[in-house]
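Shown here: start_35.txt, compact mmCIF, C-alpha atoms and all ligand atoms.
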# COMPACT_ATOMS: atom_id res chain seq x y z
CA MET A 1 91.21 96.16 114.70
CA ALA A 2 87.56 95.42 114.01
CA GLU A 3 87.03 92.44 111.76
CA ALA A 4 85.28 93.17 108.50
CA SER A 5 82.88 90.52 107.21
CA PRO A 6 83.24 90.53 103.44
CA GLY A 7 80.02 90.79 101.48
CA THR A 8 77.76 92.18 104.19
CA PRO A 9 77.39 95.95 103.74
CA GLU A 10 75.82 98.14 106.41
CA LEU A 11 73.39 100.94 105.58
CA TYR A 12 73.49 104.41 107.16
CA THR A 13 70.89 107.03 106.25
CA ALA A 14 71.61 110.76 106.39
CA ARG A 15 68.99 113.21 107.66
CA SER A 16 67.67 113.99 104.17
CA GLY A 17 67.38 110.31 103.26
CA ALA A 18 70.63 109.95 101.29
CA ARG A 19 72.02 106.44 101.76
CA ILE A 20 75.56 105.47 102.66
CA TYR A 21 76.58 101.82 102.38
CA ARG A 22 79.73 100.50 104.05
CA LEU A 23 81.50 97.80 102.07
CA PRO A 24 83.85 95.72 104.20
CA LEU A 25 87.10 94.79 102.49
CA ARG A 26 90.09 92.61 103.28
CA LEU A 27 92.84 95.03 102.22
CA PHE A 28 96.15 93.38 103.13
CA PRO A 29 96.96 90.48 105.44
CA GLY A 30 96.08 91.77 108.90
CA LEU A 31 94.43 94.95 107.61
CA ASP A 32 90.69 95.26 107.02
CA GLY A 33 88.81 98.38 106.05
CA TYR A 34 85.94 99.90 104.09
CA ALA A 35 84.92 101.53 100.87
CA HIS A 36 81.64 103.46 100.97
CA LEU A 37 78.91 103.88 98.40
CA VAL A 38 76.94 107.13 98.68
CA LEU A 39 73.55 107.26 96.94
CA ASP A 40 72.14 110.76 96.78
CA GLY A 41 69.51 111.72 94.24
CA GLY A 42 70.82 110.49 90.89
CA LEU A 43 74.41 110.30 92.07
CA GLN A 44 76.18 107.03 92.89
CA MET A 45 79.54 107.79 94.45
CA LEU A 46 82.09 105.16 95.40
CA VAL A 47 84.37 106.53 98.13
CA ASP A 48 87.75 104.73 98.05
CA SER A 49 88.52 101.65 96.02
CA GLY A 50 90.21 99.18 98.36
CA SER A 51 93.80 98.04 97.96
CA GLY A 52 93.50 95.99 94.76
CA TYR A 53 95.47 93.32 96.63
CA GLY A 54 94.40 89.77 97.47
CA ASP A 55 90.66 89.58 98.20
CA SER A 56 90.02 93.31 98.05
CA ASN A 57 88.55 93.50 94.52
CA ASP A 58 86.39 90.40 95.11
CA ASP A 59 85.09 91.91 98.35
CA LEU A 60 84.23 95.11 96.51
CA GLU A 61 82.26 93.16 93.92
CA ALA A 62 80.55 91.08 96.63
CA GLY A 63 79.60 94.28 98.49
CA LEU A 64 78.02 95.84 95.40
CA ALA A 65 76.18 92.59 94.64
CA ALA A 66 74.81 92.49 98.19
CA ILE A 67 73.61 96.11 97.96
CA ARG A 68 71.64 95.05 94.86
CA SER A 69 70.29 91.77 96.23
CA ASP A 70 69.75 92.54 99.92
CA PHE A 71 68.77 96.21 99.70
CA GLY A 72 67.18 96.31 96.22
CA GLU A 73 69.37 99.16 95.00
CA ASP A 74 70.03 99.55 91.29
CA VAL A 75 73.77 100.01 91.60
CA GLY A 76 76.72 98.78 89.57
CA TRP A 77 79.77 99.86 87.61
CA GLU A 78 77.57 101.12 84.72
CA SER A 79 75.47 103.42 86.88
CA LEU A 80 78.28 104.69 89.11
CA THR A 81 78.74 108.45 88.62
CA HIS A 82 81.84 109.20 90.73
CA VAL A 83 84.84 107.50 92.27
CA LEU A 84 86.25 109.68 95.06
CA LEU A 85 89.31 109.16 97.24
CA THR A 86 89.50 110.12 100.88
CA HIS A 87 93.30 110.14 100.55
CA GLY A 88 96.25 108.80 98.59
CA HIS A 89 97.26 105.71 100.55
CA ILE A 90 97.57 102.40 98.74
CA ASP A 91 94.94 100.64 100.91
CA HIS A 92 92.44 103.23 99.62
CA PHE A 93 93.47 103.77 95.99
CA GLY A 94 95.19 100.48 95.05
CA GLY A 95 91.89 99.16 93.62
CA LEU A 96 91.67 101.93 91.00
CA PRO A 97 93.29 99.91 88.18
CA TYR A 98 90.53 97.33 88.73
CA VAL A 99 87.66 99.79 89.15
CA ARG A 100 88.32 102.34 86.44
CA PRO A 101 88.12 100.16 83.31
CA ARG A 102 84.71 98.94 84.56
CA THR A 103 83.01 102.31 84.84
CA ARG A 104 82.68 105.70 83.19
CA ALA A 105 82.39 107.34 86.61
CA LEU A 106 84.39 110.54 87.06
CA PHE A 107 87.42 110.10 89.28
CA GLY A 108 88.27 112.80 91.81
CA VAL A 109 91.05 113.34 94.35
CA HIS A 110 92.42 116.25 96.35
CA GLU A 111 95.11 118.25 94.53
CA LEU A 112 97.85 117.27 97.00
CA ASP A 113 97.32 113.54 96.45
CA ARG A 114 97.13 113.75 92.66
CA PRO A 115 100.87 113.06 92.17
CA THR A 116 100.58 109.86 94.20
CA VAL A 117 97.75 108.38 92.12
CA SER A 118 98.67 109.87 88.73
CA PHE A 119 102.48 109.95 88.75
CA HIS A 120 102.99 107.04 91.07
CA ASN A 121 106.46 105.84 90.07
CA GLU A 122 107.88 109.35 90.28
CA ARG A 123 106.35 109.85 93.74
CA LEU A 124 107.60 106.46 94.85
CA ALA A 125 111.15 107.29 93.73
CA VAL A 126 111.11 110.61 95.58
CA VAL A 127 109.63 109.24 98.80
CA ALA A 128 111.82 106.11 98.77
CA HIS A 129 114.90 108.33 98.35
CA ARG A 130 113.87 110.50 101.30
CA LEU A 131 112.92 107.47 103.38
CA ARG A 132 116.36 105.95 102.85
CA GLY A 133 117.97 109.20 103.99
CA PHE A 134 115.65 109.40 106.98
CA LEU A 135 116.39 105.82 108.09
CA THR A 136 120.14 106.29 107.58
CA GLU A 137 120.16 109.46 109.65
CA ALA A 138 117.98 107.66 112.23
CA GLY A 139 120.78 105.13 112.80
CA VAL A 140 119.07 102.05 111.32
CA GLU A 141 121.80 99.55 110.51
CA ALA A 142 122.33 98.63 106.85
CA GLU A 143 120.71 95.19 106.66
CA ARG A 144 117.61 96.24 108.56
CA LEU A 145 117.39 99.36 106.41
CA GLU A 146 117.32 97.33 103.19
CA HIS A 147 114.64 95.07 104.66
CA LEU A 148 112.51 98.08 105.59
CA MET A 149 112.93 99.60 102.11
CA ASP A 150 111.79 96.30 100.55
CA LEU A 151 108.75 96.28 102.81
CA TYR A 152 107.95 99.87 101.84
CA LEU A 153 108.12 99.19 98.11
CA VAL A 154 106.65 95.67 97.87
CA SER A 155 102.92 96.39 97.49
CA LYS A 156 103.33 99.79 95.89
CA HIS A 157 105.08 98.59 92.71
CA LEU A 158 101.93 96.69 91.72
CA TYR A 159 99.92 99.84 91.12
CA ALA A 160 99.50 101.46 87.68
CA SER A 161 99.08 105.26 87.65
CA GLN A 162 95.60 106.64 86.96
CA ALA A 163 94.66 109.97 85.40
CA VAL A 164 92.22 112.06 87.44
CA ASP A 165 89.09 113.68 85.97
CA PHE A 166 88.81 116.44 88.56
CA THR A 167 90.41 117.71 91.75
CA TYR A 168 88.56 118.81 94.87
CA GLU A 169 89.69 122.40 95.34
CA ALA A 170 89.14 123.11 91.66
CA CYS A 171 85.53 121.95 92.00
CA GLY A 172 84.85 124.02 95.14
CA MET A 173 85.27 121.17 97.70
CA LYS A 174 81.78 119.89 96.94
CA VAL A 175 80.52 116.91 94.94
CA GLY A 176 76.73 116.70 94.85
CA ALA A 177 75.62 117.00 98.47
CA LEU A 178 79.01 115.82 99.75
CA GLU A 179 80.92 118.62 101.44
CA LEU A 180 84.67 117.97 101.35
CA ILE A 181 86.95 119.31 104.06
CA HIS A 182 90.72 119.26 103.62
CA VAL A 183 92.43 117.86 106.72
CA PRO A 184 96.12 117.34 105.87
CA GLY A 185 98.38 115.42 108.25
CA HIS A 186 97.84 111.67 107.94
CA CYS A 187 98.19 112.25 104.19
CA PRO A 188 98.76 115.51 102.23
CA GLY A 189 95.43 115.37 100.41
CA GLN A 190 93.37 113.77 103.18
CA VAL A 191 89.77 114.96 103.15
CA VAL A 192 86.73 114.13 105.24
CA MET A 193 83.38 114.06 103.47
CA ARG A 194 80.28 115.37 105.16
CA LEU A 195 76.77 114.40 104.16
CA GLU A 196 74.60 116.36 106.60
CA ASP A 197 74.83 114.44 109.89
CA VAL A 198 77.08 111.67 108.60
CA LEU A 199 80.85 112.10 108.17
CA LEU A 200 83.14 109.87 106.14
CA SER A 201 86.32 110.48 108.09
CA GLY A 202 88.77 108.49 105.95
CA ASP A 203 91.89 107.77 107.99
CA HIS A 204 91.85 111.22 109.61
CA VAL A 205 89.80 109.95 112.55
CA LEU A 206 89.48 106.27 113.49
CA PRO A 207 87.65 104.95 116.56
CA GLU A 208 90.31 102.70 118.08
CA THR A 209 93.65 103.43 116.45
CA SER A 210 95.39 106.77 116.43
CA PRO A 211 95.93 107.37 112.69
CA HIS A 212 99.51 106.93 111.51
CA GLN A 213 101.77 109.98 111.48
CA SER A 214 104.83 110.50 109.36
CA PRO A 215 107.39 113.34 109.37
CA GLU A 216 106.95 116.14 106.88
CA THR A 217 110.58 115.69 105.86
CA LEU A 218 109.36 112.60 103.97
CA THR A 219 106.24 114.14 102.41
CA LEU A 220 105.18 117.78 102.55
CA SER A 221 101.81 118.53 104.20
CA THR A 222 102.02 115.48 106.42
CA GLY A 223 103.53 115.83 109.90
CA LEU A 224 102.04 116.01 113.36
CA GLY A 225 101.67 119.80 113.34
CA HIS A 226 99.39 119.70 110.28
CA TYR A 227 97.52 116.75 111.76
CA MET A 228 96.84 118.46 115.08
CA ASP A 229 95.64 121.60 113.22
CA SER A 230 93.30 119.38 111.22
CA ILE A 231 91.94 117.79 114.41
CA GLN A 232 91.17 121.32 115.68
CA ARG A 233 89.47 122.10 112.40
CA LEU A 234 86.87 119.38 112.87
CA LYS A 235 85.94 120.28 116.43
CA PRO A 236 83.32 122.96 115.60
CA LEU A 237 81.68 120.50 113.20
CA ALA A 238 81.57 117.53 115.56
CA PRO A 239 78.34 118.26 117.50
CA ALA A 240 76.32 118.14 114.26
CA ILE A 241 77.70 114.71 113.30
CA ARG A 242 75.52 111.77 114.37
CA VAL A 243 77.87 109.12 113.09
CA ALA A 244 81.38 109.17 111.63
CA LEU A 245 82.59 106.32 109.43
CA GLY A 246 86.33 105.88 109.00
CA GLY A 247 88.36 103.92 106.50
CA HIS A 248 88.94 101.20 109.11
CA GLU A 249 87.24 99.94 112.26
CA GLY A 250 83.71 100.54 113.54
CA PRO A 251 81.37 103.55 113.40
CA MET A 252 81.91 106.50 115.77
CA THR A 253 78.94 108.09 117.51
CA ASP A 254 80.93 110.53 119.64
CA LEU A 255 83.18 112.38 117.20
CA ALA A 256 83.86 115.25 119.62
CA GLY A 257 85.03 112.80 122.29
CA ARG A 258 87.19 110.93 119.80
CA LEU A 259 88.88 114.12 118.56
CA GLN A 260 89.65 115.04 122.14
CA SER A 261 91.12 111.66 123.00
CA ILE A 262 93.31 111.57 119.86
CA GLU A 263 94.63 115.00 120.73
CA ALA A 264 95.32 113.93 124.32
CA PHE A 265 97.02 110.78 123.06
CA HIS A 266 99.51 112.77 120.99
CA ARG A 267 100.14 115.28 123.79
CA GLU A 268 100.95 112.36 126.05
CA ARG A 269 103.21 110.73 123.47
CA LEU A 270 105.01 114.06 122.90
CA ALA A 271 105.58 114.34 126.65
CA LEU A 272 106.89 110.77 126.73
CA VAL A 273 109.30 111.48 123.85
CA GLU A 274 110.55 114.55 125.72
CA ARG A 275 111.12 112.46 128.85
CA LEU A 276 112.94 109.73 126.92
CA LEU A 277 115.14 112.37 125.30
CA GLU A 278 116.48 113.53 128.62
CA THR A 279 119.16 111.06 127.55
CA PRO A 280 120.42 111.64 123.99
CA LEU A 281 119.11 108.99 121.58
CA THR A 282 119.11 108.31 117.87
CA MET A 283 115.72 108.14 116.20
CA ALA A 284 116.11 104.35 115.87
CA GLU A 285 116.85 103.95 119.59
CA LEU A 286 113.91 106.14 120.47
CA SER A 287 111.58 104.23 118.15
CA ASP A 288 112.62 100.90 119.65
CA ARG A 289 111.85 102.26 123.13
CA LEU A 290 108.47 103.66 122.10
CA PHE A 291 107.44 100.58 120.09
CA PRO A 292 109.40 97.60 121.39
CA ALA A 293 106.93 95.12 119.91
CA ALA A 294 106.91 96.55 116.36
CA SER A 295 108.27 94.23 113.70
CA GLY A 296 108.03 93.87 109.92
CA TYR A 297 106.04 96.64 108.24
CA HIS A 298 104.95 97.87 111.66
CA ALA A 299 108.58 98.67 112.49
CA LEU A 300 108.67 101.00 109.47
CA LEU A 301 105.43 102.65 110.56
CA ALA A 302 106.90 102.97 114.06
CA PHE A 303 109.99 104.79 112.72
CA GLU A 304 107.75 107.21 110.85
CA GLU A 305 105.51 107.74 113.87
CA THR A 306 108.55 108.44 116.05
CA GLY A 307 109.97 110.76 113.39
CA ALA A 308 106.73 112.75 113.28
CA HIS A 309 106.79 113.34 117.05
CA VAL A 310 110.48 114.25 117.16
CA GLU A 311 110.03 116.58 114.19
CA TYR A 312 107.12 118.31 115.96
CA LEU A 313 109.31 118.95 119.01
CA VAL A 314 112.35 120.01 116.95
CA GLN A 315 110.19 122.44 114.96
CA ARG A 316 109.20 124.06 118.26
CA GLY A 317 112.71 124.15 119.69
CA LEU A 318 111.89 121.69 122.47
CA VAL A 319 114.26 119.02 121.17
CA GLY A 320 117.64 119.68 119.59
CA LEU A 321 120.60 117.91 118.02
CA VAL A 322 123.56 116.92 120.17
CA ASN A 323 125.85 116.31 117.23
CA ALA A 324 124.88 118.77 114.54
CA ASP A 325 128.50 118.58 113.42
CA VAL A 326 127.85 115.22 111.68
CA LEU A 327 125.44 117.07 109.40
CA GLU A 328 127.77 120.00 109.01
CA ASP A 329 130.60 117.69 107.94
CA ASP A 330 128.26 115.35 106.06
CA LEU A 331 129.44 112.35 108.08
CA PRO A 332 127.63 109.00 107.71
CA GLU A 333 126.67 108.92 111.38
CA PRO A 334 123.23 109.00 112.95
CA THR A 335 122.01 112.21 114.55
CA LEU A 336 121.39 112.24 118.31
CA TYR A 337 118.37 114.07 119.66
CA VAL A 338 118.03 115.52 123.13
CA ARG A 339 115.42 117.41 125.08
CA ARG A 340 116.07 121.12 125.32
CA GLY A 341 113.31 121.90 127.75
CA PRO A 342 111.17 124.98 127.42
CA HIS A 343 113.59 127.52 128.89
CA ALA A 344 117.14 126.29 128.39
CA PRO A 345 119.23 128.67 126.29
CA PRO A 346 120.70 127.03 123.16
CA SER A 347 124.20 126.85 124.64
CA GLU A 348 122.93 124.69 127.51
CA VAL A 349 121.58 121.87 125.37
CA GLY A 350 124.63 119.60 125.42
CA ARG A 351 125.43 120.02 129.10
CA SER A 352 122.01 120.14 130.76
CA THR A 353 120.80 116.88 129.27
CA ALA A 354 123.64 114.45 129.83
CA GLY A 355 121.43 112.16 131.91
CA ASP A 356 122.66 109.57 134.38
CA GLY A 357 120.45 106.63 133.50
CA SER A 358 117.95 107.23 136.28
CA SER A 359 115.89 109.61 134.16
CA ARG A 360 115.87 107.05 131.38
CA GLU A 361 114.47 104.45 133.75
CA SER A 362 111.67 106.71 134.91
CA ALA A 363 110.91 107.69 131.34
CA LEU A 364 110.76 104.07 130.25
CA GLY A 365 108.28 103.47 133.02
CA GLY A 366 105.96 105.83 131.18
CA ILE A 367 105.64 103.66 128.09
CA ARG A 368 103.22 101.29 129.80
CA GLY A 369 103.64 98.57 127.20
CA GLU A 370 102.08 100.60 124.41
CA GLN A 371 101.93 98.80 121.10
CA ALA A 372 102.69 100.32 117.77
CA ASP A 373 99.13 101.49 117.32
CA VAL A 374 99.81 102.83 113.94
CA GLN A 375 97.65 102.73 110.90
CA LEU A 376 98.32 102.80 107.19
ZN ZN C 401 93.86 103.27 105.51
ZN ZN C 402 95.82 106.18 105.30
Would you put the structure from the file into structure tokens?
Ligand SMILES: [Zn+2]
Ligand SMILES: [Zn+2]
Amino acid sequence: MAEASPGTPELYTARSGARIYRLPLRLFPGLDGYAHLVLDGGLQMLVDSGSGYGDSNDDLEAGLAAIRSDFGEDVGWESLTHVLLTHGHIDHFGGLPYVRPRTRALFGVHELDRPTVSFHNERLAVVAHRLRGFLTEAGVEAERLEHLMDLYLVSKHLYASQAVDFTYEACGMKVGALELIHVPGHCPGQVVMRLEDVLLSGDHVLPETSPHQSPETLTLSTGLGHYMDSIQRLKPLAPAIRVALGGHEGPMTDLAGRLQSIEAFHRERLALVERLLETPLTMAELSDRLFPAASGYHALLAFEETGAHVEYLVQRGLVGLVNADVLEDDLPEPTLYVRRGPHAPPSEVGRSTAGDGSSRESALGGIRGEQADVQL
């Protein structure tokens, strides 16, 4: 991941002269990223707020101070007109409890991420409950499961819910000159923000990392199917974009190429999952084969990433359950997934995919040491 240097914002200028400053932030240990300040006419719009954790708030302050001192802009909490979220993930909205008491700026978010920022504890309870069920069904053993749940909840309990002033669809998906485009998948309310030839791509498109995917069974309007549709949605727009700025990592000057390579990456990973599932596996076994190096929080992200790919294939009938009876009888056993193949009739699933170990070997050969390139 690209290193952010706290306190040294970069300036990008849109075709009409509107200015976009990138504020580098240290979000969590091992995770850097950006908030952006958009100055257009009389509007001063802060896009994302950082994590609120560790150095993040200080970096935000240092960034604003540098925009005043190094670029001569009259910006600050008093003159800020809007605080806008690209999406409802804690590394982007966790700074709100710090930011909001300092400004009278109007706070906006997409409708589908409003529950996360405004009714946070309720959302957390619902998602944690589903996550526990997902990990249990995936075959994660009890002690590891509790550790993963702790990791999931640790930073999120620090946040205090914030009321929103407006939501994006209700205001016509436009704020000043910023055109908002809903691209669900990475997050239910993920938007990208277009200012003429500059695109703030949030975590929908990143230059180096393929943005994290999670199954829709955990949160509606996420899931790989929605994400791939949202990648398609940006393609017609891409040629007009000179530079795209994501929530993490460096600027992108070839958005069309990046969309294509992300799409190809997921197609390849889906094919790999299908190959691995020539032998029946639990979700946990599959995740450990796909992401053998993932540990700590990354192991949780790896489970979700695996779940999103399996769910995509199950939704399309390409992968099925070997032991649906454990669900039928509500047994506390993990479910086993297996490749159905495009043409096998349903009755053939169990028999045609028994596997003899050799297919597993060849499938494992296809992993090529991939890391858990997953992103919050
Ligand atoms: Zn992020
Ligand atoms: Zn995110």
Near-ligand residues for ligand ZN 402 (chain C), threshold 8 Å, all atoms listed in the file, as an MDAnalysis selection string: chainID A and resid 87:92 186:187 202:204 211:212 247 375:376
Distance query segment 221-228 of chain A at most 12 Å, all atoms listed in the file, self and fewer than 5 positions along chain excluded, as number ranges by chain: A: 87-88, 111-113, 182-191, 203-205, 210-216, 233-235, 259-267, 269-270, 304-316
d(atom CA of Leu321 of chain A, atom CA of Leu290 of chain A) in Å: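 These two atoms are separated by 19.2 Å.
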Residues within 7 Å of (111.8, 102.5, 100.9), file coords, only C-alpha atoms, listed as a list in words: Ala128, Leu131, Arg132, Leu148, Met149, Asp150, Tyr152 and Leu153 of chain A
Leu64 of chain A surroundings by all atoms listed in the file, 9 Å radius, close-in-sequence under 4 positions cut, as a PyMOL selection string: chain A and resi 7+9+23+37+59-60+68-69+75-77
Counting all atoms listed in the file, the option among A:Ala62, A:Ala324, A:Met283, A:Leu85 closest to ligand ZN 401 (chain C):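 For ligand ZN 401 (chain C), the nearest of the candidates is A:Leu85.
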Atom-to-atom span, atom CA of Gly317 of chain A and atom CA of Pro292 of chain A, Å: 26.8 Å
Test item: residues at most 10 Å from segment 134-137 of chain A, only C-alpha atoms, excluding those fewer than 2 positions along its chain, as a PyMOL selection string: chain A and resi 128-132+139-142+144-146+148-149+215+217-218+282-284+300+303-304+307+326-327+331-336
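In this structure, atom CA of Pro29 of chain A sits 23.6 Å away from atom CA of Val127 of chain A.
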Shortest interatomic distance to ligand ZN 401 (chain C) - which of A:Gly246, A:Pro24, A:Gly17, A:Pro251, counting all atoms listed in the file: A:Gly246
Nearest residue to ligand ZN 401 (chain C) from the set A:Gln44, A:Thr86, A:Ser118, A:Ser16 (distances using only C-alpha atoms and all ligand atoms):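 When distances to ligand ZN 401 (chain C) are compared using only C-alpha atoms and all ligand atoms, the smallest one comes from A:Thr86.
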Expected answer as a PyMOL selection string: all residues with atoms within 8 Å of (77.4, 109.7, 94.7), only C-alpha atoms: chain A and resi 37-40+42-46+80-82+175-176
Pick from A:Ala66, A:Arg19, A:His298, A:Glu10 nearest to Gly41 of chain A, counting only C-alpha atoms: A:Arg19
Missing atoms in segment 259-286 of chain A: fill them in up to N, CA and C atoms and send the result as an mmCIF file, in the coordinates of the input.
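Saved as rebuild02.cif:
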data_model
loop_
_atom_site.group_PDB
_atom_site.id
_atom_site.type_symbol
_atom_site.label_atom_id
_atom_site.label_comp_id
_atom_site.auth_asym_id
_atom_site.auth_seq_id
_atom_site.Cartn_x
_atom_site.Cartn_y
_atom_site.Cartn_z
ATOM 1 N N LEU A 259 87.886 113.104 118.923
ATOM 2 C CA LEU A 259 88.880 114.120 118.560
ATOM 3 C C LEU A 259 89.699 114.510 119.783
ATOM 4 N N GLN A 260 88.979 114.652 120.898
ATOM 5 C CA GLN A 260 89.650 115.040 122.140
ATOM 6 C C GLN A 260 90.637 113.958 122.589
ATOM 7 N N SER A 261 90.230 112.700 122.494
ATOM 8 C CA SER A 261 91.120 111.660 123.000
ATOM 9 C C SER A 261 92.323 111.451 122.078
ATOM 10 N N ILE A 262 92.153 111.655 120.767
ATOM 11 C CA ILE A 262 93.310 111.570 119.860
ATOM 12 C C ILE A 262 94.303 112.681 120.174
ATOM 13 N N GLU A 263 93.769 113.862 120.406
ATOM 14 C CA GLU A 263 94.630 115.000 120.730
ATOM 15 C C GLU A 263 95.402 114.721 122.033
ATOM 16 N N ALA A 264 94.684 114.229 123.032
ATOM 17 C CA ALA A 264 95.320 113.930 124.320
ATOM 18 C C ALA A 264 96.382 112.843 124.161
ATOM 19 N N PHE A 265 96.075 111.873 123.312
ATOM 20 C CA PHE A 265 97.020 110.780 123.060
ATOM 21 C C PHE A 265 98.346 111.328 122.521
ATOM 22 N N HIS A 266 98.271 112.226 121.563
ATOM 23 C CA HIS A 266 99.510 112.770 120.990
ATOM 24 C C HIS A 266 100.238 113.678 121.971
ATOM 25 N N ARG A 267 99.486 114.438 122.764
ATOM 26 C CA ARG A 267 100.140 115.280 123.790
ATOM 27 C C ARG A 267 100.927 114.393 124.758
ATOM 28 N N GLU A 268 100.305 113.282 125.120
ATOM 29 C CA GLU A 268 100.950 112.360 126.050
ATOM 30 C C GLU A 268 102.191 111.727 125.417
ATOM 31 N N ARG A 269 102.064 111.346 124.144
ATOM 32 C CA ARG A 269 103.210 110.730 123.470
ATOM 33 C C ARG A 269 104.349 111.754 123.291
ATOM 34 N N LEU A 270 103.990 113.010 123.008
ATOM 35 C CA LEU A 270 105.010 114.060 122.900
ATOM 36 C C LEU A 270 105.736 114.219 124.235
ATOM 37 N N ALA A 271 104.974 114.198 125.318
ATOM 38 C CA ALA A 271 105.580 114.340 126.650
ATOM 39 C C ALA A 271 106.495 113.157 126.938
ATOM 40 N N LEU A 272 106.072 111.967 126.524
ATOM 41 C CA LEU A 272 106.890 110.770 126.730
ATOM 42 C C LEU A 272 108.195 110.868 125.926
ATOM 43 N N VAL A 273 108.095 111.319 124.687
ATOM 44 C CA VAL A 273 109.300 111.480 123.850
ATOM 45 C C VAL A 273 110.252 112.470 124.520
ATOM 46 N N GLU A 274 109.691 113.566 125.030
ATOM 47 C CA GLU A 274 110.550 114.550 125.720
ATOM 48 C C GLU A 274 111.247 113.912 126.922
ATOM 49 N N ARG A 275 110.509 113.112 127.675
ATOM 50 C CA ARG A 275 111.120 112.460 128.850
ATOM 51 C C ARG A 275 112.213 111.489 128.431
ATOM 52 N N LEU A 276 111.937 110.696 127.382
ATOM 53 C CA LEU A 276 112.940 109.730 126.920
ATOM 54 C C LEU A 276 114.194 110.443 126.418
ATOM 55 N N LEU A 277 114.005 111.642 125.862
ATOM 56 C CA LEU A 277 115.140 112.370 125.300
ATOM 57 C C LEU A 277 115.878 113.202 126.343
ATOM 58 N N GLU A 278 115.608 112.956 127.600
ATOM 59 C CA GLU A 278 116.480 113.530 128.620
ATOM 60 C C GLU A 278 117.871 112.904 128.504
ATOM 61 N N THR A 279 117.894 111.697 127.948
ATOM 62 C CA THR A 279 119.160 111.060 127.550
ATOM 63 C C THR A 279 119.235 111.103 126.026
ATOM 64 N N PRO A 280 120.340 111.554 125.457
ATOM 65 C CA PRO A 280 120.420 111.640 123.990
ATOM 66 C C PRO A 280 120.224 110.266 123.332
ATOM 67 N N LEU A 281 119.406 110.241 122.296
ATOM 68 C CA LEU A 281 119.110 108.990 121.580
ATOM 69 C C LEU A 281 119.069 109.252 120.087
ATOM 70 N N THR A 282 119.387 108.231 119.308
ATOM 71 C CA THR A 282 119.110 108.310 117.870
ATOM 72 C C THR A 282 117.616 108.048 117.688
ATOM 73 N N MET A 283 117.136 108.377 116.500
ATOM 74 C CA MET A 283 115.720 108.140 116.200
ATOM 75 C C MET A 283 115.403 106.641 116.288
ATOM 76 N N ALA A 284 116.335 105.805 115.843
ATOM 77 C CA ALA A 284 116.110 104.350 115.870
ATOM 78 C C ALA A 284 116.016 103.855 117.311
ATOM 79 N N GLU A 285 116.908 104.347 118.182
ATOM 80 C CA GLU A 285 116.850 103.950 119.590
ATOM 81 C C GLU A 285 115.542 104.395 120.227
ATOM 82 N N LEU A 286 115.149 105.613 119.901
ATOM 83 C CA LEU A 286 113.910 106.140 120.470
ATOM 84 C C LEU A 286 112.703 105.326 119.996
#
